[in-house]
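Accompanying notes for the structure given below.
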There are 2 protein chains.
Amino acid sequence: SVNPDLAIERQTASFSVEKLTAWLDGGAEHTRMRRAVVEAIECDPVFSRENQYFESQNERYEAAVRKAVHLQKKMQEMGWAVNGPESKYIYRAVSGDIAFLLHRIFMRSISVLGSDKQVAKWIPLATQYQLIGSYTQTELGHGTYLQGLETTAVFDITTQEFILNTPKISAMKWWPGDMGRSATHTLVFAQLYIHGKCYGVHPFIVQIRSLQDHSLCPGIIAGDIGPKMNFEHADNGYLMLQNVRVPRENMLNKFCEVQPDGTYVRQGSQQINYFTMTTVRISIIPDEVIIPLMKACTIAIRYSVVRRQSKLKPGEQEAKILDYQTQQEKLLPQLAAAYAFHLIYNYLEELFDKGYREIQIKNFNALPELHAFSSGFKAMITQYCTSAVEICLRACGGHGYSLLSGLPSLYTRILASCIYEGENTVLLLQTARFLIKCFMATITGQPVPSSVTYLAAVKAGKCPAKNKLDFLSPDVYTEAYQHVAVRLISSTAAKLQDLIQSGVKKHNAWNQCTVQLAQAAKAHCHYITVKNFAETVEKLETKAGIQKIMKHLCDLFALHGIFSNAGVFLHDGYISGAQMDMVTASYLDLLDVIRKDAVPLVDAFDFTDKSLNSALGSYDGQVYQRLYEWAQKSPTNKQMSPAYEKYLKPLLHNTLSKL
Amino acid sequence: SVNPDLAIERQTASFSVEKLTAWLDGGAEHTRMRRAVVEAIECDPVFSRENQYFESQNERYEAAVRKAVHLQKKMQEMGWAVNGPESKYIYRAVSGDIAFLLHRIFMRSISVLGSDKQVAKWIPLATQYQLIGSYTQTELGHGTYLQGLETTAVFDITTQEFILNTPKISAMKWWPGDMGRSATHTLVFAQLYIHGKCYGVHPFIVQIRSLQDHSLCPGIIAGDIGPKMNFEHADNGYLMLQNVRVPRENMLNKFCEVQPDGTYVRQGSQQINYFTMTTVRISIIPDEVIIPLMKACTIAIRYSVVRRQSKLKPGEQEAKILDYQTQQEKLLPQLAAAYAFHLIYNYLEELFDKGYREIQIKNFNALPELHAFSSGFKAMITQYCTSAVEICLRACGGHGYSLLSGLPSLYTRILASCIYEGENTVLLLQTARFLIKCFMATITGQPVPSSVTYLAAVKAGKCPAKNKLDFLSPDVYTEAYQHVAVRLISSTAAKLQDLIQSGVKKHNAWNQCTVQLAQAAKAHCHYITVKNFAETVEKLETKAGIQKIMKHLCDLFALHGIFSNAGVFLHDGYISGAQMDMVTASYLDLLDVIRKDAVPLVDAFDFTDKSLNSALGSYDGQVYQRLYEWAQKSPTNKQMSPAYEKYLKPLLHNTLSKL
């Protein structure tokens, strides 16, 4: 039965939860398909995550492989095609704890970088799992700066082979997933040398384990890199290569080829490749970033209406903690952010689909903009959502700290998204470089991509708001965000120029501006996110119930951003101190409004209990009962610890006397 | 051998590292004693943490018990008295991963709350480990709000016993340390009932496990609460009581007694008790909060001069990542904060020692101030340091995410400090209540404690700084912090009064101000921390080398705070936009200055490699070699996973064909 404190929250929803769910899914037919996939996965015990919080790294790995192998069977059974419409729901349904994801990257890389002949040879083998592939790029000494990779591949003209080596410890491959224990083959990125000349980093297919008994191949030293903050299920590996020879045909050669006589030929355009790398950054966002935040919000908000602690009014019943303003101020902005980022992801997806179509007809004009967008938004969204999940965790007090709440694993996992697929600071600076370039172009009247034409609109002006209600106008806050983005970009551009004109070397000047450049890039992404949210809400006109609550969330997201970054809005007086007080008043008022719909708003995310895997967040709100039941299953309760016989008993008995 | 990239950083220190270490320790004689304790512990293999990152929760618990039992022997051997001068270094040396800490709280509670007779009975038994005690207060449903505890203790006049019960699931005791598996006895906090009347929460000594075979006593259901984000070594437990009877003498009765006929007598003052609870909050700060931050800084800064990535200047060698402004801006403010909080702890310790002396002569006047200080500073310091450790972790990229870096466990552990010993938001609001009260008192001319007399000094004024160098004057920034603290407290007090005057009920008005009240309380603590840092630096006059670098750190801490919270300084124009640009310029300039001494500044913390337990942070900077060596010890590399025979082999072989 549902805890009455939770049930009552569902009776007063200002909108239809089912309609909101359908809208989030992009239509009721998608909701149906998603639920069917989730149902099929969750009713199959092989995919159970019931014991996940009790398992060791070894057990988690074994489970991930078991699930990956079983998934092949399941997909055949269910008639789900590999890239069919169900596929995006499958990963969500298994919550990502599954092996062979790098096998897919291995295949994708060969498809993109390999010649037709290479594709014809390797893709069928990989598709039928006659080999298990992975993708081996990062080294102990190099992650972000790929040009600095130190693994070597020397072309031996006499045998028509490449000889791969790890010349020093920092060149050892480190981190590649699926490689530490599973893969038989991997794509190794190495510096190509021909006749002593270096031609830069290229990908080589290398077999690392026997197809017969899985033993390491000659010249290969490989293993698992050990415990991590999360991703225990993944066998991130290390790899050392000692004179490992692969045939000339194993260098992927759609774009660059080494001919038998050692001639190096670069052919075709690599731009499509960079585009592929760029899209990967965006593609991780829904499953690895937004859904975890939605789950964290669901858990924390449901718990916060079940948990009662202390009294708001003397003599009354203890209050639900969500009725405290401080708790609302912790959680509701994160809920609004989850919606904001869901919507900006839709926007980015559309932008990239359009870009892909252009590139297919050889129009590469949009590439710099797309690269800048993918970098900046990846950094901004992962950083924002990671902080948001942490806030949800902390807002649940001691019980949030238990793994059984589900929050610690959401946090430790989403944290990795700030690091992988490009370190966030490095990415923000790439976006900043694009913005500075566009800003300079607008000054000299050159054309810039439509997403940044706003940079030309440097208006002095002041915020026109006269009272707190004016700050509920999307025009008012969107313009404030725009003003700040332009100001931060233009003032940093000015600082950069001043430094250079004062004689500072260009690269030093750049370095001296990077703290402010990163801030400017974030402000740009924040502005676009607010603008997109406001525009989406406006288009919702016909769906009245949904539009109203979405408008509140949009306002909250925007005002929370102004409240939390007050300095950049106040700096040049665009917003005055008195106006900031209006922002604060409207912001705090909104908390009270949205609090009423908080539970329906997380219910609309439509997570099953199994997918939340949280003792605090289940639909029925039976928090304490579930914590107790789950704790009893812990291995710490399976038998008396050997510590008793070894240490406690001697301690107590040595001196045991009558008590 | 030391990595040359790290060695060179030590050659140009602007001060004597050894002298700074001695200053941090409070004198060279303390440094000597600390080193002797650390050496004795670390050379003893029983205390080894070598395999810590590979161990399961069960193994960690067993190790913690082993260490606790062995420590008794060690202390006798070494001639260390239980509360001797070495004791504060012992906990640091074992890095806190040790059992029986709650046994000590059990003893302390009996000493404070028990009658002479109770002390005489129980303390010798506990001292000689004829029992293992713990402290059982928190329930599933109540942590912060102790008055809401639901466990009952009903006095049975016929048998002269208390009957203890867990009347519902939310009343189950949950979280108490040392209780899940180790303790034989525990101090249970329960609502006392006599003749059907409730007298509030009282402590009862309850035996929960047999002294013969450690089996649970009749009516006791107890166990371990399962996996947590950290503290795997601790057996946090659950406890359900079913008609458990304890003799009347087992209620601790120094202050309240139940007489044989059921008469309830309250005697003496409980104020000393509240003071004890208050001091615990402060006492956790060095070992659980500041030292972890110092360790995180040591790891991240040493790694950042060994890690080279990308190029600052084309054509040059790859740059040390600490030479990037963005990396400096991540790490150096955290380093400054570690020093700032070390110094404010010294200040708080002195304040509390003085308070303790006053209370011993029955002067309780300072209690409200001490309570407010302990609450606010506990919240502010734990929150700040937790974020700081997270920044250090993220600043180390992928390798920081490996448990072998030592950073994840520092983070997951320090995070708990935001929750235990009082949830931070609740604590901040207690401080805010004190501040508002004092502020109102200053208005009506009543006396207030000396630490808050500044509240009376509400000056309109503006910051007098004319150029960026003016912001390196402690008077200038300390006054800015003071101004902000006063403004936030006074404006929130005004809002509170306005609400009440407009007819809002007092408790609702309070709730509507809590977001701003918490902010005001933080601003107060931030101000005192900056002021104390500046005053301490000023007193350092004679120790020239140290004073100079400490002045830089103090400036950095202060300006970082203004830069990061610009909104509150700009709000009323106390600092103008142009002045904020000066703050930013001075702040960024300081990064460059302190960067030169960054490694000596962390070396001065004087952590041994064993105590850091980090592949990234060791003194010799051999980062990559150590990561590789440690990874090979991981259980994931001990044998081929069963996943191969079970899943991978059938997958690969079922379809194995000639490749």
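Ordering of the structure tokens sets the chain letters (A, B, ...); residue numbers start at 1 within each chain; ligands are numbered from 1 in the order shown.
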
Name the residues in contact with B:Gly148 at a cut-off of 10 Å, using only C-alpha atoms, excluding same-chain residues fewer than 6 positions from it; report them as JSON, numbers by chain. {"A": [308, 309, 310, 311, 318], "B": [139, 141, 142, 171, 190, 191, 200, 201]}

Output N, CA and C atoms of each residue in that selection to a file, as a PDB file, in the first residue's frame.
ATOM      1  N   ARG A 308       9.290  12.962   7.864  1.00  0.00           N
ATOM      2  CA  ARG A 308       8.833  14.068   8.701  1.00  0.00           C
ATOM      3  C   ARG A 308       9.879  14.305   9.767  1.00  0.00           C
ATOM      4  N   GLN A 309      10.191  15.547  10.014  1.00  0.00           N
ATOM      5  CA  GLN A 309      11.214  15.831  11.009  1.00  0.00           C
ATOM      6  C   GLN A 309      10.995  17.214  11.582  1.00  0.00           C
ATOM      7  N   SER A 310      10.895  17.279  12.869  1.00  0.00           N
ATOM      8  CA  SER A 310      10.725  18.533  13.598  1.00  0.00           C
ATOM      9  C   SER A 310       9.386  19.185  13.248  1.00  0.00           C
ATOM     10  N   LYS A 311       9.126  20.316  13.849  1.00  0.00           N
ATOM     11  CA  LYS A 311       7.816  20.932  13.664  1.00  0.00           C
ATOM     12  C   LYS A 311       7.946  22.314  13.075  1.00  0.00           C
ATOM     13  N   GLU A 318       4.771  16.597  13.261  1.00  0.00           N
ATOM     14  CA  GLU A 318       6.046  16.934  12.618  1.00  0.00           C
ATOM     15  C   GLU A 318       5.803  17.195  11.127  1.00  0.00           C
TER      16      GLU A 318
ATOM     17  N   GLU B 139      17.258   6.973  15.082  1.00  0.00           N
ATOM     18  CA  GLU B 139      16.310   5.941  14.638  1.00  0.00           C
ATOM     19  C   GLU B 139      16.059   6.076  13.144  1.00  0.00           C
ATOM     20  N   GLY B 141      13.419   6.818  11.761  1.00  0.00           N
ATOM     21  CA  GLY B 141      12.575   7.977  11.504  1.00  0.00           C
ATOM     22  C   GLY B 141      13.050   9.284  12.106  1.00  0.00           C
ATOM     23  N   HIS B 142      14.069   9.255  12.951  1.00  0.00           N
ATOM     24  CA  HIS B 142      14.509  10.493  13.593  1.00  0.00           C
ATOM     25  C   HIS B 142      16.009  10.568  13.766  1.00  0.00           C
ATOM     26  N   ALA B 171      10.715   3.533  14.552  1.00  0.00           N
ATOM     27  CA  ALA B 171      11.375   3.675  15.845  1.00  0.00           C
ATOM     28  C   ALA B 171      12.619   2.806  15.951  1.00  0.00           C
ATOM     29  N   ALA B 190      15.652   6.580  24.822  1.00  0.00           N
ATOM     30  CA  ALA B 190      14.238   6.221  24.681  1.00  0.00           C
ATOM     31  C   ALA B 190      13.361   7.193  25.467  1.00  0.00           C
ATOM     32  N   GLN B 191      12.111   7.281  25.054  1.00  0.00           N
ATOM     33  CA  GLN B 191      11.132   8.115  25.769  1.00  0.00           C
ATOM     34  C   GLN B 191      10.745   7.393  27.065  1.00  0.00           C
ATOM     35  N   GLY B 200      10.015  12.373  28.389  1.00  0.00           N
ATOM     36  CA  GLY B 200      11.049  12.747  27.410  1.00  0.00           C
ATOM     37  C   GLY B 200      12.164  11.717  27.293  1.00  0.00           C
ATOM     38  N   VAL B 201      13.158  12.057  26.490  1.00  0.00           N
ATOM     39  CA  VAL B 201      14.215  11.102  26.129  1.00  0.00           C
ATOM     40  C   VAL B 201      15.258  10.970  27.240  1.00  0.00           C
TER      41      VAL B 201
END

Excluding A:Met33 and its own-chain neighbours fewer than 5 positions away, which residues fall within 10 Å of it when counting only C-alpha atoms? Please give them as an NGL selection string. :A and (25 or 28 or 38-39 or 85-86 or 89)

Show which residues sit within 10 Å of B:Pro600, as a list in words. Count only C-alpha atoms, and ignore same-chain residues fewer than 2 positions away. Glu9, Arg10, Gln11, Thr12, Ala13, Ser14, Phe15, Ser16, Val17, Glu18, Leu20, Thr298, Arg302, Arg595, Lys596, Asp597, Ala598, Val602, Asp603, Ala604, Phe605 and Asp606 of chain B

Fewer than 6 positions away in the same chain doesn't count, so skip those; otherwise give me all residues within 9 Å of A:Val94, counting only C-alpha atoms, as a list in words.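 Non-adjacent residues within range: Val38, Ile41, Glu42, Phe47, Ser48, Arg49, Lys67 and Ser611 of chain A.
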
Export, as a CSV table (one decimal), in the first residue's frame, the selected residues with all heavy atoms.
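result.csv, freshly written:
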chain,number,residue,atom,x,y,z
A,38,VAL,N,11.1,-1.8,-21.2
A,38,VAL,CA,11.4,-1.9,-19.8
A,38,VAL,C,10.8,-3.1,-19.1
A,38,VAL,O,11.4,-3.8,-18.4
A,38,VAL,CB,11.0,-0.6,-19.1
A,38,VAL,CG1,11.1,-0.7,-17.5
A,38,VAL,CG2,11.8,0.6,-19.5
A,41,ILE,N,12.6,-6.3,-20.1
A,41,ILE,CA,13.9,-6.4,-19.5
A,41,ILE,C,13.7,-6.7,-18.0
A,41,ILE,O,14.4,-7.6,-17.4
A,41,ILE,CB,14.7,-5.1,-19.6
A,41,ILE,CG1,15.0,-4.9,-21.1
A,41,ILE,CG2,16.0,-5.1,-18.8
A,41,ILE,CD1,16.2,-5.6,-21.7
A,42,GLU,N,12.9,-6.0,-17.4
A,42,GLU,CA,12.8,-6.1,-15.9
A,42,GLU,C,12.1,-7.4,-15.4
A,42,GLU,O,12.4,-7.8,-14.3
A,42,GLU,CB,12.0,-4.9,-15.3
A,42,GLU,CG,12.9,-3.6,-15.4
A,42,GLU,CD,12.3,-2.4,-14.7
A,42,GLU,OE1,11.1,-2.5,-14.3
A,42,GLU,OE2,13.0,-1.4,-14.6
A,47,PHE,N,18.5,-9.9,-15.8
A,47,PHE,CA,18.8,-8.5,-15.7
A,47,PHE,C,18.6,-7.8,-14.4
A,47,PHE,O,18.7,-6.6,-14.2
A,47,PHE,CB,18.0,-7.7,-16.8
A,47,PHE,CG,18.3,-8.1,-18.2
A,47,PHE,CD1,17.4,-8.8,-19.0
A,47,PHE,CD2,19.6,-7.8,-18.7
A,47,PHE,CE1,17.7,-9.2,-20.3
A,47,PHE,CE2,19.9,-8.2,-20.0
A,47,PHE,CZ,19.0,-8.9,-20.8
A,48,SER,N,18.3,-8.6,-13.4
A,48,SER,CA,18.0,-8.1,-12.1
A,48,SER,C,19.2,-7.3,-11.5
A,48,SER,O,20.4,-7.7,-11.6
A,48,SER,CB,17.7,-9.2,-11.1
A,48,SER,OG,17.7,-8.7,-9.8
A,49,ARG,N,18.9,-6.2,-10.8
A,49,ARG,CA,19.9,-5.4,-10.2
A,49,ARG,C,19.7,-5.5,-8.7
A,49,ARG,O,20.3,-4.7,-7.9
A,49,ARG,CB,19.9,-3.9,-10.6
A,49,ARG,CG,20.2,-3.8,-12.1
A,49,ARG,CD,19.8,-2.5,-12.7
A,49,ARG,NE,20.4,-1.3,-12.0
A,49,ARG,CZ,19.8,-0.2,-11.6
A,49,ARG,NH1,18.5,-0.1,-11.8
A,49,ARG,NH2,20.4,0.7,-11.0
A,67,LYS,N,24.8,-10.2,-18.6
A,67,LYS,CA,23.7,-9.5,-19.1
A,67,LYS,C,24.0,-9.2,-20.6
A,67,LYS,O,23.0,-9.2,-21.4
A,67,LYS,CB,23.6,-8.1,-18.4
A,67,LYS,CG,23.0,-8.3,-17.0
A,67,LYS,CD,22.9,-7.0,-16.3
A,67,LYS,CE,22.6,-7.2,-14.8
A,67,LYS,NZ,22.6,-5.9,-14.1
A,611,SER,N,14.0,0.2,-11.7
A,611,SER,CA,15.0,1.0,-12.4
A,611,SER,C,15.5,2.1,-11.4
A,611,SER,O,16.7,2.4,-11.5
A,611,SER,CB,14.4,1.7,-13.6
A,611,SER,OG,14.1,3.0,-13.4

DSSP-assigned helix (DSSP H, G or I) among stretch 236-438 of chain B, expressed as a PyMOL selection string: chain B and resi 248-250+271-283+285-306+321-323+325-360+367-395+397-401+403-405+407-416+424-438

Using only C-alpha atoms, find the one residue out of B:Met229, B:Leu146, B:Val530, B:Leu367 that sits nearest to B:Phe189. B:Leu146

So that I can see what lies close to A:Pro45, please list as an MDAnalysis selection string the residues with an atom at most 12 Å from it, counting only C-alpha atoms and leaving out residues fewer than 6 positions away in the same chain. chainID A and resid 39 51 63 66:67 70:71 74 94 610

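Using only C-alpha atoms, the nearest neighbour of A:Ile282 within the list A:Ile220, A:His399, A:Leu591, A:Ser417 is A:Ser417.
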
Top pick for closest residue to B:Gln430, considering B:Asp620, B:Glu369, B:Glu541, B:Glu479 and counting only C-alpha atoms: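 Ranking B:Asp620, B:Glu369, B:Glu541, B:Glu479 by distance to B:Gln430, first place goes to B:Glu369.
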
Minimum-distance residue to chain A, chosen among B:Ile489, B:Ile272, B:Ala300, B:Val426 (using only C-alpha atoms): B:Val426

With only C-alpha atoms as the basis for distance, which of B:Leu588, B:Val583, B:Val593, B:Leu101 is at the shortest distance from chain A?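 Smallest distance to chain A is found for B:Leu588.
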
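Using only C-alpha atoms, the nearest neighbour of A:Gln327 within the list A:Phe373, A:Tyr303, A:Trp80, A:Phe255 is A:Tyr303.
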
For B:Tyr481, list every protein, DNA or RNA residue within 8 Å, evaluated using only C-alpha atoms, and leave out those in the same chain fewer than 5 positions away; present the list as a PyMOL selection string. chain B and resi 523+526-527+530

For the selection you just gave me, I'd like the residues written to a file as an mmCIF file, in the first residue's frame, keeping N, CA, C and O atoms.
data_model
loop_
_atom_site.group_PDB
_atom_site.id
_atom_site.type_symbol
_atom_site.label_atom_id
_atom_site.label_comp_id
_atom_site.auth_asym_id
_atom_site.auth_seq_id
_atom_site.Cartn_x
_atom_site.Cartn_y
_atom_site.Cartn_z
ATOM 1 N N ALA B 523 27.773 33.751 5.981
ATOM 2 C CA ALA B 523 28.550 34.985 5.793
ATOM 3 C C ALA B 523 29.240 35.390 7.095
ATOM 4 O O ALA B 523 30.389 35.843 7.086
ATOM 5 N N HIS B 526 32.197 33.059 7.560
ATOM 6 C CA HIS B 526 33.212 33.374 6.562
ATOM 7 C C HIS B 526 33.995 34.611 7.010
ATOM 8 O O HIS B 526 35.228 34.656 6.930
ATOM 9 N N TYR B 527 33.255 35.597 7.481
ATOM 10 C CA TYR B 527 33.890 36.832 7.962
ATOM 11 C C TYR B 527 34.862 36.553 9.101
ATOM 12 O O TYR B 527 36.015 36.995 9.087
ATOM 13 N N VAL B 530 38.042 34.846 7.829
ATOM 14 C CA VAL B 530 38.955 35.767 7.145
ATOM 15 C C VAL B 530 39.660 36.657 8.169
ATOM 16 O O VAL B 530 40.874 36.852 8.133
#
